[in-house]
$ cat entry15.pdb   # PDB, C-alpha atoms
ATOM      1  CA  MET A  77      76.744  89.520 109.707
ATOM      2  CA  SER A  78      75.532  93.101 109.500
ATOM      3  CA  GLY A  79      78.938  93.933 108.047
ATOM      4  CA  VAL A  80      78.420  91.353 105.322
ATOM      5  CA  ARG A  81      74.974  92.786 104.646
ATOM      6  CA  ALA A  82      76.296  96.342 104.462
ATOM      7  CA  GLN A  83      78.895  95.164 101.966
ATOM      8  CA  LEU A  84      76.421  93.415  99.642
ATOM      9  CA  PRO A  85      75.620  96.406  97.419
ATOM     10  CA  LEU A  86      79.342  97.079  97.017
ATOM     11  CA  LEU A  87      79.942  93.476  95.957
ATOM     12  CA  LEU A  88      77.746  94.215  92.965
ATOM     13  CA  GLY A  89      80.451  96.570  91.755
ATOM     14  CA  VAL A  90      83.394  94.466  92.917
ATOM     15  CA  ALA A  91      82.254  91.209  91.295
ATOM     16  CA  PRO A  92      82.441  92.420  87.682
ATOM     17  CA  PHE A  93      85.711  94.188  88.481
ATOM     18  CA  GLY A  94      87.176  90.928  89.795
ATOM     19  CA  MET A  95      86.066  89.102  86.667
ATOM     20  CA  ALA A  96      87.495  91.860  84.498
ATOM     21  CA  TYR A  97      90.790  91.544  86.382
ATOM     22  CA  GLY A  98      90.960  87.762  85.954
ATOM     23  CA  ALA A  99      90.198  87.993  82.249
ATOM     24  CA  TYR A 100      92.656  90.850  81.759
ATOM     25  CA  ALA A 101      95.455  88.952  83.526
ATOM     26  CA  ILE A 102      94.982  85.890  81.304
ATOM     27  CA  GLU A 103      94.752  87.985  78.150
ATOM     28  CA  SER A 104      97.991  89.705  79.154
ATOM     29  CA  GLY A 105      99.765  86.369  79.326
ATOM     30  CA  LEU A 106      99.897  85.660  83.055
ATOM     31  CA  SER A 107      99.439  82.063  84.166
ATOM     32  CA  ALA A 108      96.197  81.231  85.969
ATOM     33  CA  GLY A 109      98.106  80.452  89.168
ATOM     34  CA  LEU A 110      99.946  83.746  89.096
ATOM     35  CA  ALA A 111      96.778  85.740  88.430
ATOM     36  CA  GLN A 112      94.943  84.059  91.299
ATOM     37  CA  ALA A 113      97.920  84.357  93.635
ATOM     38  CA  MET A 114      98.047  88.079  93.024
ATOM     39  CA  SER A 115      94.431  88.392  94.143
ATOM     40  CA  ALA A 116      95.155  86.438  97.308
ATOM     41  CA  ILE A 117      98.514  87.996  98.164
ATOM     42  CA  VAL A 118      98.091  91.612  97.092
ATOM     43  CA  PHE A 119      94.285  91.870  97.411
ATOM     44  CA  GLY A 120      93.992  95.364  95.923
ATOM     45  CA  GLY A 121      92.144  95.865  92.645
ATOM     46  CA  ALA A 122      93.795  99.000  91.265
ATOM     47  CA  SER A 123      97.325  97.848  92.075
ATOM     48  CA  GLN A 124      96.660  94.421  90.541
ATOM     49  CA  PHE A 125      95.488  95.954  87.256
ATOM     50  CA  ILE A 126      98.582  98.132  87.158
ATOM     51  CA  GLY A 127     100.702  95.139  88.143
ATOM     52  CA  VAL A 128      99.393  93.065  85.239
ATOM     53  CA  GLN A 129      99.912  95.976  82.870
ATOM     54  CA  LEU A 130     103.531  96.409  84.006
ATOM     55  CA  ILE A 131     104.281  92.674  83.946
ATOM     56  CA  ALA A 132     102.949  92.494  80.386
ATOM     57  CA  SER A 133     105.201  95.363  79.339
ATOM     58  CA  GLY A 134     108.236  93.724  80.914
ATOM     59  CA  VAL A 135     108.939  96.271  83.641
ATOM     60  CA  PRO A 136     111.499  94.990  86.206
ATOM     61  CA  GLY A 137     110.171  93.535  89.444
ATOM     62  CA  ALA A 138     111.569  96.284  91.656
ATOM     63  CA  MET A 139     109.606  98.895  89.682
ATOM     64  CA  LEU A 140     106.466  96.822  90.106
ATOM     65  CA  VAL A 141     106.911  96.724  93.850
ATOM     66  CA  LEU A 142     107.512 100.489  93.904
ATOM     67  CA  ALA A 143     104.416 101.139  91.782
ATOM     68  CA  THR A 144     102.353  98.991  94.129
ATOM     69  CA  LEU A 145     103.707 100.946  97.058
ATOM     70  CA  LEU A 146     102.686 104.241  95.469
ATOM     71  CA  VAL A 147      99.252 103.124  94.348
ATOM     72  CA  ASN A 148      98.426 101.576  97.712
ATOM     73  CA  LEU A 149      99.867 104.399  99.771
ATOM     74  CA  ARG A 150      96.323 105.625 100.279
ATOM     75  CA  HIS A 151      95.788 102.649 102.579
ATOM     76  CA  LEU A 152      98.181 104.338 104.974
ATOM     77  CA  LEU A 153      95.542 107.007 105.420
ATOM     78  CA  TYR A 154      92.827 104.398 105.915
ATOM     79  CA  SER A 155      95.026 102.626 108.418
ATOM     80  CA  ALA A 156      95.606 105.855 110.323
ATOM     81  CA  SER A 157      91.975 106.847 110.341
ATOM     82  CA  LEU A 158      90.817 103.417 111.574
ATOM     83  CA  ALA A 159      93.557 103.099 114.189
ATOM     84  CA  PRO A 160      91.727 104.876 117.039
ATOM     85  CA  HIS A 161      88.796 102.487 116.598
ATOM     86  CA  VAL A 162      90.817  99.286 116.919
ATOM     87  CA  ASP A 163      93.035 100.395 119.800
ATOM     88  CA  HIS A 164      91.297  98.069 122.248
ATOM     89  CA  LEU A 165      91.710  94.969 120.072
ATOM     90  CA  SER A 166      94.358  92.276 120.385
ATOM     91  CA  ALA A 167      97.345  92.306 118.054
ATOM     92  CA  ARG A 168      95.973  89.236 116.262
ATOM     93  CA  TRP A 169      92.734  91.060 115.440
ATOM     94  CA  ARG A 170      94.579  94.098 114.160
ATOM     95  CA  TRP A 171      96.844  91.995 111.908
ATOM     96  CA  LEU A 172      93.764  90.284 110.509
ATOM     97  CA  LEU A 173      91.815  93.496 109.928
ATOM     98  CA  ALA A 174      94.835  95.132 108.281
ATOM     99  CA  TYR A 175      94.951  92.324 105.707
ATOM    100  CA  LEU A 176      91.273  92.946 104.897
ATOM    101  CA  LEU A 177      91.641  96.728 104.679
ATOM    102  CA  THR A 178      90.526  97.854 101.217
ATOM    103  CA  ASP A 179      88.767 100.927  99.807
ATOM    104  CA  GLU A 180      85.382  99.302 100.120
ATOM    105  CA  ALA A 181      85.923  97.744 103.553
ATOM    106  CA  TYR A 182      87.199 101.076 104.816
ATOM    107  CA  ALA A 183      84.181 102.972 103.510
ATOM    108  CA  THR A 184      81.642 100.615 105.069
ATOM    109  CA  SER A 185      83.470 100.196 108.387
ATOM    110  CA  MET A 186      83.896 103.938 108.804
ATOM    111  CA  GLN A 187      80.150 104.376 108.472
ATOM    112  CA  ARG A 188      79.713 101.876 111.272
ATOM    113  CA  TYR A 189      82.367 103.453 113.497
ATOM    114  CA  ARG A 190      80.861 106.887 112.960
ATOM    115  CA  ARG A 191      77.505 105.778 114.306
ATOM    116  CA  ASP A 192      77.014 106.959 117.869
ATOM    117  CA  ASP A 193      76.278 103.740 119.715
ATOM    118  CA  ALA A 194      79.122 102.523 121.897
ATOM    119  CA  SER A 195      79.022  98.885 120.781
ATOM    120  CA  PRO A 196      82.393  97.235 121.509
ATOM    121  CA  HIS A 197      81.811  94.745 118.679
ATOM    122  CA  LYS A 198      82.129  97.029 115.684
ATOM    123  CA  HIS A 199      85.271  95.188 114.612
ATOM    124  CA  TRP A 200      83.061  92.222 113.777
ATOM    125  CA  PHE A 201      81.286  94.509 111.336
ATOM    126  CA  PHE A 202      84.669  95.423 109.828
ATOM    127  CA  PHE A 203      85.613  91.746 109.638
ATOM    128  CA  GLY A 204      82.299  90.791 108.035
ATOM    129  CA  ALA A 205      82.572  93.521 105.425
ATOM    130  CA  GLY A 206      86.233  92.776 104.673
ATOM    131  CA  PHE A 207      85.806  89.017 104.564
ATOM    132  CA  ALA A 208      82.764  89.179 102.271
ATOM    133  CA  LEU A 209      84.816  91.325  99.941
ATOM    134  CA  TRP A 210      87.781  88.953 100.108
ATOM    135  CA  VAL A 211      85.710  85.899  99.231
ATOM    136  CA  THR A 212      84.010  87.739  96.380
ATOM    137  CA  TRP A 213      87.325  88.978  95.017
ATOM    138  CA  GLN A 214      88.890  85.493  95.021
ATOM    139  CA  LEU A 215      85.841  83.816  93.446
ATOM    140  CA  THR A 216      85.334  86.425  90.750
ATOM    141  CA  THR A 217      89.046  86.406  89.908
ATOM    142  CA  SER A 218      88.757  82.645  89.330
ATOM    143  CA  LEU A 219      85.647  83.158  87.255
ATOM    144  CA  GLY A 220      87.395  85.796  85.160
ATOM    145  CA  ILE A 221      90.423  83.508  84.679
ATOM    146  CA  PHE A 222      88.169  80.618  83.749
ATOM    147  CA  LEU A 223      85.956  82.565  81.353
ATOM    148  CA  GLY A 224      88.879  84.626  80.095
ATOM    149  CA  ALA A 225      88.366  85.878  76.602
ATOM    150  CA  ALA A 226      84.824  84.469  76.600
ATOM    151  CA  LEU A 227      83.794  87.664  78.422
ATOM    152  CA  PRO A 228      83.152  90.171  75.660
ATOM    153  CA  ASP A 229      84.763  93.577  76.091
ATOM    154  CA  SER A 230      81.494  95.137  74.970
ATOM    155  CA  TRP A 231      79.957  94.202  78.338
ATOM    156  CA  SER A 232      82.259  96.823  79.863
ATOM    157  CA  LEU A 233      82.274  95.028  83.199
ATOM    158  CA  ASP A 234      85.181  97.132  84.445
ATOM    159  CA  PHE A 235      82.846 100.154  84.407
ATOM    160  CA  ALA A 236      81.137  98.789  87.535
ATOM    161  CA  LEU A 237      84.040  99.902  89.731
ATOM    162  CA  PRO A 238      83.959 103.634  88.980
ATOM    163  CA  LEU A 239      80.185 103.403  89.398
ATOM    164  CA  THR A 240      80.579 101.882  92.848
ATOM    165  CA  PHE A 241      83.053 104.598  93.774
ATOM    166  CA  LEU A 242      80.642 107.278  92.505
ATOM    167  CA  ALA A 243      77.975 105.932  94.825
ATOM    168  CA  LEU A 244      80.440 106.102  97.726
ATOM    169  CA  LEU A 245      81.646 109.552  96.723
ATOM    170  CA  MET A 246      78.378 111.488  96.420
ATOM    171  CA  PRO A 247      77.328 111.143 100.067
ATOM    172  CA  VAL A 248      80.736 112.296 101.404
ATOM    173  CA  LEU A 249      80.606 115.554  99.439
ATOM    174  CA  THR A 250      78.915 117.220 102.398
ATOM    175  CA  SER A 251      80.924 120.432 102.526
ATOM    176  CA  ARG A 252      82.902 122.812 100.370
ATOM    177  CA  PRO A 253      86.304 121.570 101.649
ATOM    178  CA  ALA A 254      85.314 117.983 100.832
ATOM    179  CA  LEU A 255      84.209 119.073  97.384
ATOM    180  CA  ALA A 256      87.475 120.964  96.869
ATOM    181  CA  ALA A 257      89.525 117.941  97.963
ATOM    182  CA  SER A 258      87.600 115.784  95.531
ATOM    183  CA  VAL A 259      87.794 118.092  92.515
ATOM    184  CA  VAL A 260      91.494 118.909  92.944
ATOM    185  CA  ALA A 261      92.417 115.226  93.376
ATOM    186  CA  GLY A 262      90.344 114.266  90.334
ATOM    187  CA  LEU A 263      91.891 116.932  88.121
ATOM    188  CA  VAL A 264      95.474 116.119  89.103
ATOM    189  CA  ALA A 265      94.859 112.412  88.513
ATOM    190  CA  ALA A 266      93.322 113.159  85.112
ATOM    191  CA  VAL A 267      96.135 115.496  84.041
ATOM    192  CA  GLY A 268      98.788 113.020  85.162
ATOM    193  CA  PHE A 269      97.145 109.976  83.619
ATOM    194  CA  ASP A 270     100.158 109.262  81.395
ATOM    195  CA  TRP A 271     102.733 109.646  84.140
ATOM    196  CA  PRO A 272     104.393 106.348  85.034
ATOM    197  CA  TYR A 273     103.872 103.955  87.928
ATOM    198  CA  GLY A 274     100.847 105.455  89.602
ATOM    199  CA  ILE A 275     102.693 108.589  90.645
ATOM    200  CA  ALA A 276      99.767 110.740  89.517
ATOM    201  CA  LEU A 277      97.378 108.998  91.909
ATOM    202  CA  VAL A 278      99.634 109.688  94.877
ATOM    203  CA  LEU A 279     100.201 113.329  93.894
ATOM    204  CA  ALA A 280      96.481 113.733  93.240
ATOM    205  CA  ILE A 281      95.503 112.469  96.674
ATOM    206  CA  GLY A 282      98.145 114.677  98.303
ATOM    207  CA  ALA A 283      96.946 117.753  96.421
ATOM    208  CA  GLY A 284      93.324 116.932  97.238
ATOM    209  CA  LEU A 285      94.030 116.584 100.964
ATOM    210  CA  ALA A 286      95.971 119.858 100.946
ATOM    211  CA  ALA A 287      93.127 121.653  99.163
ATOM    212  CA  GLY A 288      90.560 120.271 101.602
ATOM    213  CA  VAL A 289      92.561 121.235 104.678
ATOM    214  CA  ALA A 290      93.386 124.697 103.289
ATOM    215  CA  LEU A 291      89.777 125.522 102.498
ATOM    216  CA  ASP A 292      88.607 124.043 105.799
ATOM    217  CA  ARG A 293      91.017 126.330 107.677
ATOM    218  CA  ALA A 294      89.983 129.324 105.570
ATOM    219  CA  LEU A 295      86.344 128.651 106.432
ATOM    220  CA  GLY A 296      87.064 128.213 110.114
ATOM    221  CA  GLY A 297      87.068 124.414 110.245
ATOM    222  CA  GLY A 298      84.713 121.934 111.826
ATOM    223  CA  ALA A 299      82.682 121.453 108.667
ATOM    224  CA  GLU A 300      83.740 117.883 108.220
ATOM    225  CA  GLU A 301      82.505 115.913 111.157
ATOM    226  CA  ARG A 302      79.692 114.461 109.130
ATOM    227  CA  ALA A 303      81.926 113.458 106.244
ATOM    228  CA  PHE A 304      81.348 109.772 106.749
ATOM    229  CA  ASP A 305      77.585 109.730 107.191
ATOM    230  CA  VAL A 306      77.020 107.543 104.189
ATOM    231  CA  GLU A 307      74.037 105.347 103.514
ATOM    232  CA  VAL A 308      75.207 102.330 101.599
ATOM    233  CA  SER A 309      72.004 100.394 101.163
TER     234      SER A 309
ATOM    235  CA  MET B1010     109.915  82.257  89.434
ATOM    236  CA  ASN B1011     110.949  85.865  89.295
ATOM    237  CA  LEU B1012     107.337  86.939  88.793
ATOM    238  CA  TRP B1013     106.262  85.017  91.878
ATOM    239  CA  LEU B1014     108.865  86.855  93.929
ATOM    240  CA  THR B1015     107.599  90.126  92.488
ATOM    241  CA  ILE B1016     104.038  89.348  93.488
ATOM    242  CA  VAL B1017     105.125  88.439  96.989
ATOM    243  CA  GLY B1018     106.960  91.786  97.102
ATOM    244  CA  MET B1019     103.825  93.604  95.945
ATOM    245  CA  GLY B1020     101.835  91.808  98.629
ATOM    246  CA  LEU B1021     104.366  92.595 101.333
ATOM    247  CA  VAL B1022     104.452  96.346 100.677
ATOM    248  CA  THR B1023     100.668  96.454 100.492
ATOM    249  CA  TYR B1024     100.295  94.574 103.773
ATOM    250  CA  ALA B1025     102.974  96.716 105.400
ATOM    251  CA  ILE B1026     101.080  99.865 104.431
ATOM    252  CA  ARG B1027      97.806  98.501 105.766
ATOM    253  CA  LEU B1028      99.468  97.353 108.982
ATOM    254  CA  SER B1029     101.444 100.532 109.522
ATOM    255  CA  VAL B1030      99.358 102.744 111.737
ATOM    256  CA  LEU B1031      96.819 100.093 112.673
ATOM    257  CA  VAL B1032      99.397  97.938 114.383
ATOM    258  CA  PHE B1033     102.697  99.756 114.789
ATOM    259  CA  VAL B1034     101.933 103.400 115.507
ATOM    260  CA  SER B1035      99.598 104.655 118.157
ATOM    261  CA  HIS B1036      97.115 107.132 116.715
ATOM    262  CA  THR B1037      97.734 109.517 119.571
ATOM    263  CA  HIS B1038     101.112 110.211 117.973
ATOM    264  CA  LEU B1039      99.500 111.577 114.841
ATOM    265  CA  PRO B1040      99.821 115.345 114.602
ATOM    266  CA  GLY B1041      96.646 117.418 114.347
ATOM    267  CA  ALA B1042      97.297 118.411 110.747
ATOM    268  CA  VAL B1043      97.427 114.760 109.707
ATOM    269  CA  ARG B1044      94.188 114.002 111.503
ATOM    270  CA  ASP B1045      92.590 116.988 109.761
ATOM    271  CA  ALA B1046      93.746 115.729 106.393
ATOM    272  CA  LEU B1047      92.401 112.225 107.051
ATOM    273  CA  ARG B1048      88.857 113.561 106.871
ATOM    274  CA  PHE B1049      89.323 114.292 103.197
ATOM    275  CA  VAL B1050      90.775 110.912 102.235
ATOM    276  CA  MET B1051      87.568 109.431 100.864
ATOM    277  CA  PRO B1052      86.488 112.318  98.609
ATOM    278  CA  ALA B1053      90.040 112.757  97.282
ATOM    279  CA  VAL B1054      90.826 109.079  96.635
ATOM    280  CA  LEU B1055      87.487 108.206  95.096
ATOM    281  CA  PHE B1056      87.378 111.023  92.564
ATOM    282  CA  ALA B1057      91.075 110.583  91.716
ATOM    283  CA  ILE B1058      90.252 107.023  90.641
ATOM    284  CA  ILE B1059      86.905 107.799  88.989
ATOM    285  CA  LEU B1060      87.763 110.804  86.830
ATOM    286  CA  PRO B1061      90.677 109.358  84.789
ATOM    287  CA  SER B1062      88.743 106.121  84.267
ATOM    288  CA  VAL B1063      85.888 107.949  82.515
ATOM    289  CA  LEU B1064      88.006 110.526  80.666
ATOM    290  CA  TYR B1065      90.516 108.090  79.156
ATOM    291  CA  VAL B1066      88.477 105.495  77.329
ATOM    292  CA  GLY B1067      88.551 102.927  74.593
ATOM    293  CA  GLU B1068      91.179 100.418  73.506
ATOM    294  CA  ASP B1069      93.928 103.036  73.322
ATOM    295  CA  GLN B1070      92.805 104.840  76.499
ATOM    296  CA  SER B1071      92.653 108.172  74.698
ATOM    297  CA  PHE B1072      91.453 111.382  76.306
ATOM    298  CA  GLU B1073      87.888 112.188  75.361
ATOM    299  CA  LEU B1074      85.962 115.097  76.849
ATOM    300  CA  THR B1075      82.947 115.024  74.537
ATOM    301  CA  LEU B1076      79.335 113.911  74.571
ATOM    302  CA  GLY B1077      80.457 111.029  72.356
ATOM    303  CA  ASN B1078      82.267 109.554  75.363
ATOM    304  CA  GLN B1079      79.709 107.003  76.462
ATOM    305  CA  ARG B1080      81.378 106.224  79.782
ATOM    306  CA  LEU B1081      81.482 109.894  80.702
ATOM    307  CA  VAL B1082      77.818 110.390  79.872
ATOM    308  CA  ALA B1083      76.774 107.210  81.713
ATOM    309  CA  ALA B1084      78.883 108.219  84.718
ATOM    310  CA  CYS B1085      77.254 111.667  84.876
ATOM    311  CA  PHE B1086      73.862 109.993  84.814
ATOM    312  CA  ALA B1087      74.914 107.541  87.532
ATOM    313  CA  ALA B1088      76.327 110.385  89.630
ATOM    314  CA  THR B1089      72.921 112.056  89.570
ATOM    315  CA  VAL B1090      71.289 108.819  90.643
ATOM    316  CA  ALA B1091      73.879 108.424  93.417
ATOM    317  CA  TRP B1092      73.327 111.977  94.598
ATOM    318  CA  PHE B1093      69.580 111.570  94.984
ATOM    319  CA  THR B1094      69.264 107.925  96.037
ATOM    320  CA  LYS B1095      72.552 107.381  97.936
ATOM    321  CA  SER B1096      72.176 103.767  96.845
ATOM    322  CA  VAL B1097      75.194 101.804  95.588
ATOM    323  CA  TRP B1098      72.959  99.161  94.111
ATOM    324  CA  LEU B1099      70.836 101.601  92.087
ATOM    325  CA  THR B1100      73.874 103.584  90.986
ATOM    326  CA  VAL B1101      75.676 100.554  89.576
ATOM    327  CA  ALA B1102      72.515  99.151  87.981
ATOM    328  CA  THR B1103      71.429 102.377  86.283
ATOM    329  CA  GLY B1104      75.007 103.308  85.302
ATOM    330  CA  MET B1105      75.628  99.949  83.599
ATOM    331  CA  ALA B1106      72.204 100.085  81.936
ATOM    332  CA  ALA B1107      72.924 103.608  80.677
ATOM    333  CA  LEU B1108      76.276 102.526  79.224
ATOM    334  CA  TRP B1109      74.816  99.480  77.511
ATOM    335  CA  LEU B1110      71.982 101.579  76.104
ATOM    336  CA  LEU B1111      74.428 104.153  74.727
ATOM    337  CA  GLN B1112      76.640 101.451  73.206
ATOM    338  CA  TRP B1113      73.604  99.837  71.643
ATOM    339  CA  ALA B1114      72.271 103.144  70.285
ATOM    340  CA  TRP B1115      75.589 104.059  68.691
TER     341      TRP B1115
END

$ encode --input "entry15.pdb" --output "structure tokens"
Amino acid sequence: MSGVRAQLPLLLGVAPFGMAYGAYAIESGLSAGLAQAMSAIVFGGASQFIGVQLIASGVPGAMLVLATLLVNLRHLLYSASLAPHVDHLSARWRWLLAYLLTDEAYATSMQRYRRDDASPHKHWFFFGAGFALWVTWQLTTSLGIFLGAALPDSWSLDFALPLTFLALLMPVLTSRPALAASVVAGLVAAVGFDWPYGIALVLAIGAGLAAGVALDRALGGGAEERAFDVEVS
Amino acid sequence: MNLWLTIVGMGLVTYAIRLSVLVFVSHTHLPGAVRDALRFVMPAVLFAIILPSVLYVGEDQSFELTLGNQRLVAACFAATVAWFTKSVWLTVATGMAALWLLQWAW
């Protein structure tokens, strides 16, 4: 339950984003069933937006799958960084948590795992956070599909997602290497905005990580242990 | 039918990525350099998503690095709020309010 509670402020950003996705999918000509199924099966906001965009422009299915792979490659890093914390869990638990692993669930769970207490039940926190997000995403997708074009663009609901990410970003900028990683990744992503299939995002993250590691080494390392001390509430 | 297959494909690759290390690879096999890099995942990913979304705006998603870019201005304001309050709730609320205010004032 504490995981659900920790996730609540993030849901404020995710809910409008889910509605924006649902409305966007319908406007782009997807059927309601297809739009909802994408939320349930893919469960990844950025890749779903790109997916809808590519479907609407008639890109072949194989390219769509490749684009999804590239855009969601960052989850590989989440998966790797959470792995040590779920080592003791059964395979069933790990399969379940992997399905719920999103940007937001990762951010909140990492905060919990970084706290010093040795509670063996932190995976329940992860589950609570991930599940709350999942339910919200499915419901708001439906709402967006249902309301569709009735949601005026001027409400700019999609703006809630970058805002949520800003709130997650500021507290992790605790050192110069972290700042360098962030700035380099942002610039590469901005420069490559027009490049196809989410390639820019992958390159940007790679460049950002490289910049962070390089500067960390140059400064003697060890500056980053507090990188995940975020206060969400 | 084809689109359904595509979506299933999208879901499968996404799930495979999320499963990868969590289920199939033991973390002890990760080299030190990779573990070092993992510490910078959040700052890199977040800003890589945020920055393009506030620089390329409007119907045609055109590049706009000016004070007339309402999303950029609202985001800068929200970033300041985030920096000082560390509150997701306040950041989203004030950022949306700032954007609406700017849109209304224009």

$ closest_atom_pairs --input "entry15.pdb" --of "chain A" --to "chain B" --cutoff "6 Å" --atoms "all atoms listed in the file" --output "CSV"
residue,atom,partner,partner_atom,distance
A:Pro85,CA,B:Trp1098,CA,5.1
A:Ile117,CA,B:Gly1020,CA,5.1
A:Val118,CA,B:Gly1020,CA,4.1
A:Gly137,CA,B:Thr1015,CA,5.2
A:Val141,CA,B:Met1019,CA,4.9
A:Thr144,CA,B:Met1019,CA,5.9
A:Leu145,CA,B:Val1022,CA,5.9
A:His151,CA,B:Arg1027,CA,5.6
A:Leu152,CA,B:Ile1026,CA,5.4
A:Ser155,CA,B:Leu1031,CA,5.3
A:Ala156,CA,B:Val1030,CA,5.1
A:Ala159,CA,B:Leu1031,CA,4.7
A:Pro160,CA,B:His1036,CA,5.9
A:Ala174,CA,B:Arg1027,CA,5.1
A:Pro238,CA,B:Ile1059,CA,5.1
A:Leu239,CA,B:Val1101,CA,5.3
A:Phe241,CA,B:Leu1055,CA,5.9
A:Ala243,CA,B:Ala1091,CA,5.0
A:Leu245,CA,B:Pro1052,CA,5.9
A:Met246,CA,B:Trp1092,CA,5.4
A:Ala254,CA,B:Phe1049,CA,5.9
A:Ala257,CA,B:Ala1053,CA,5.3
A:Ser258,CA,B:Ala1053,CA,4.3
A:Ala261,CA,B:Ala1057,CA,5.1
A:Gly262,CA,B:Ala1057,CA,4.0
A:Ala265,CA,B:Ala1057,CA,5.3
A:Ala266,CA,B:Pro1061,CA,4.6
A:Ile281,CA,B:Ala1053,CA,5.5
A:Gly284,CA,B:Ala1053,CA,5.3
A:Leu285,CA,B:Ala1046,CA,5.5
A:Val289,CA,B:Ala1046,CA,5.9
A:Val308,CA,B:Ser1096,CA,5.8
A:Ser309,CA,B:Ser1096,CA,5.5

$ atom_distance --input "entry15.pdb" --atom1 "atom CA of A:His164" --atom2 "atom CA of A:Pro196"
9.0 Å

$ resolve_selection --input "entry15.pdb" --expression "the PyMOL selection byres ((chain A and resi 215) around 12)" --output "PDB file with C-alpha atoms, keeping the file's coordinate frame"
ATOM      1  CA  LEU A  87      79.942  93.476  95.957  1.00  0.00           C
ATOM      2  CA  VAL A  90      83.394  94.466  92.917  1.00  0.00           C
ATOM      3  CA  ALA A  91      82.254  91.209  91.295  1.00  0.00           C
ATOM      4  CA  PRO A  92      82.441  92.420  87.682  1.00  0.00           C
ATOM      5  CA  PHE A  93      85.711  94.188  88.481  1.00  0.00           C
ATOM      6  CA  GLY A  94      87.176  90.928  89.795  1.00  0.00           C
ATOM      7  CA  MET A  95      86.066  89.102  86.667  1.00  0.00           C
ATOM      8  CA  TYR A  97      90.790  91.544  86.382  1.00  0.00           C
ATOM      9  CA  GLY A  98      90.960  87.762  85.954  1.00  0.00           C
ATOM     10  CA  GLN A 112      94.943  84.059  91.299  1.00  0.00           C
ATOM     11  CA  SER A 115      94.431  88.392  94.143  1.00  0.00           C
ATOM     12  CA  ALA A 116      95.155  86.438  97.308  1.00  0.00           C
ATOM     13  CA  ALA A 208      82.764  89.179 102.271  1.00  0.00           C
ATOM     14  CA  LEU A 209      84.816  91.325  99.941  1.00  0.00           C
ATOM     15  CA  TRP A 210      87.781  88.953 100.108  1.00  0.00           C
ATOM     16  CA  VAL A 211      85.710  85.899  99.231  1.00  0.00           C
ATOM     17  CA  THR A 212      84.010  87.739  96.380  1.00  0.00           C
ATOM     18  CA  TRP A 213      87.325  88.978  95.017  1.00  0.00           C
ATOM     19  CA  GLN A 214      88.890  85.493  95.021  1.00  0.00           C
ATOM     20  CA  THR A 216      85.334  86.425  90.750  1.00  0.00           C
ATOM     21  CA  THR A 217      89.046  86.406  89.908  1.00  0.00           C
ATOM     22  CA  SER A 218      88.757  82.645  89.330  1.00  0.00           C
ATOM     23  CA  LEU A 219      85.647  83.158  87.255  1.00  0.00           C
ATOM     24  CA  GLY A 220      87.395  85.796  85.160  1.00  0.00           C
ATOM     25  CA  ILE A 221      90.423  83.508  84.679  1.00  0.00           C
ATOM     26  CA  PHE A 222      88.169  80.618  83.749  1.00  0.00           C
TER      27      PHE A 222
END

$ atom_distance --input "entry15.pdb" --atom1 "atom CA of A:Gly204" --atom2 "atom CA of A:Ala181"
9.0 Å

$ resolve_selection --input "entry15.pdb" --expression "the PyMOL selection byres ((chain A and resi 173) around 9)" --output "PyMOL selection string"
(chain A and resi 168-172+174-177+199+202-203+206) or (chain B and resi 1027-1028+1031)

$ write_last_selection --input "entry15.pdb" --atoms "C-alpha atoms" --output "mmCIF file, keeping the file's coordinate frame"
data_model
loop_
_atom_site.group_PDB
_atom_site.id
_atom_site.type_symbol
_atom_site.label_atom_id
_atom_site.label_comp_id
_atom_site.auth_asym_id
_atom_site.auth_seq_id
_atom_site.Cartn_x
_atom_site.Cartn_y
_atom_site.Cartn_z
ATOM 1 C CA ARG A 168 95.973 89.236 116.262
ATOM 2 C CA TRP A 169 92.734 91.060 115.440
ATOM 3 C CA ARG A 170 94.579 94.098 114.160
ATOM 4 C CA TRP A 171 96.844 91.995 111.908
ATOM 5 C CA LEU A 172 93.764 90.284 110.509
ATOM 6 C CA ALA A 174 94.835 95.132 108.281
ATOM 7 C CA TYR A 175 94.951 92.324 105.707
ATOM 8 C CA LEU A 176 91.273 92.946 104.897
ATOM 9 C CA LEU A 177 91.641 96.728 104.679
ATOM 10 C CA HIS A 199 85.271 95.188 114.612
ATOM 11 C CA PHE A 202 84.669 95.423 109.828
ATOM 12 C CA PHE A 203 85.613 91.746 109.638
ATOM 13 C CA GLY A 206 86.233 92.776 104.673
ATOM 14 C CA ARG B 1027 97.806 98.501 105.766
ATOM 15 C CA LEU B 1028 99.468 97.353 108.982
ATOM 16 C CA LEU B 1031 96.819 100.093 112.673
#

$ axis_aligned_box --input "entry15.pdb" --around "stretch 196-206 of chain A" --padding-each-side "5 Å" --output "JSON"
{"center_x": 83.8, "center_y": 94.0, "center_z": 113.1, "size_x": 14.9, "size_y": 16.4, "size_z": 26.8}

$ atom_distance --input "entry15.pdb" --atom1 "atom CA of A:Ala236" --atom2 "atom CA of A:Gly89"
4.8 Å

$ residues_around --input "entry15.pdb" --residues "A:Ala122" --least-positions-apart "3" --cutoff "9 Å" --atoms "all atoms listed in the file" --output "VMD selection string"
(chain A and resid 125 to 127 147 to 148) or (chain B and resid 1058)

$ closest_residue --input "entry15.pdb" --among "A:Pro136, A:Gly109, A:Tyr100, A:Leu244" --to "A:Gln124" --atoms "all atoms listed in the file"
A:Tyr100
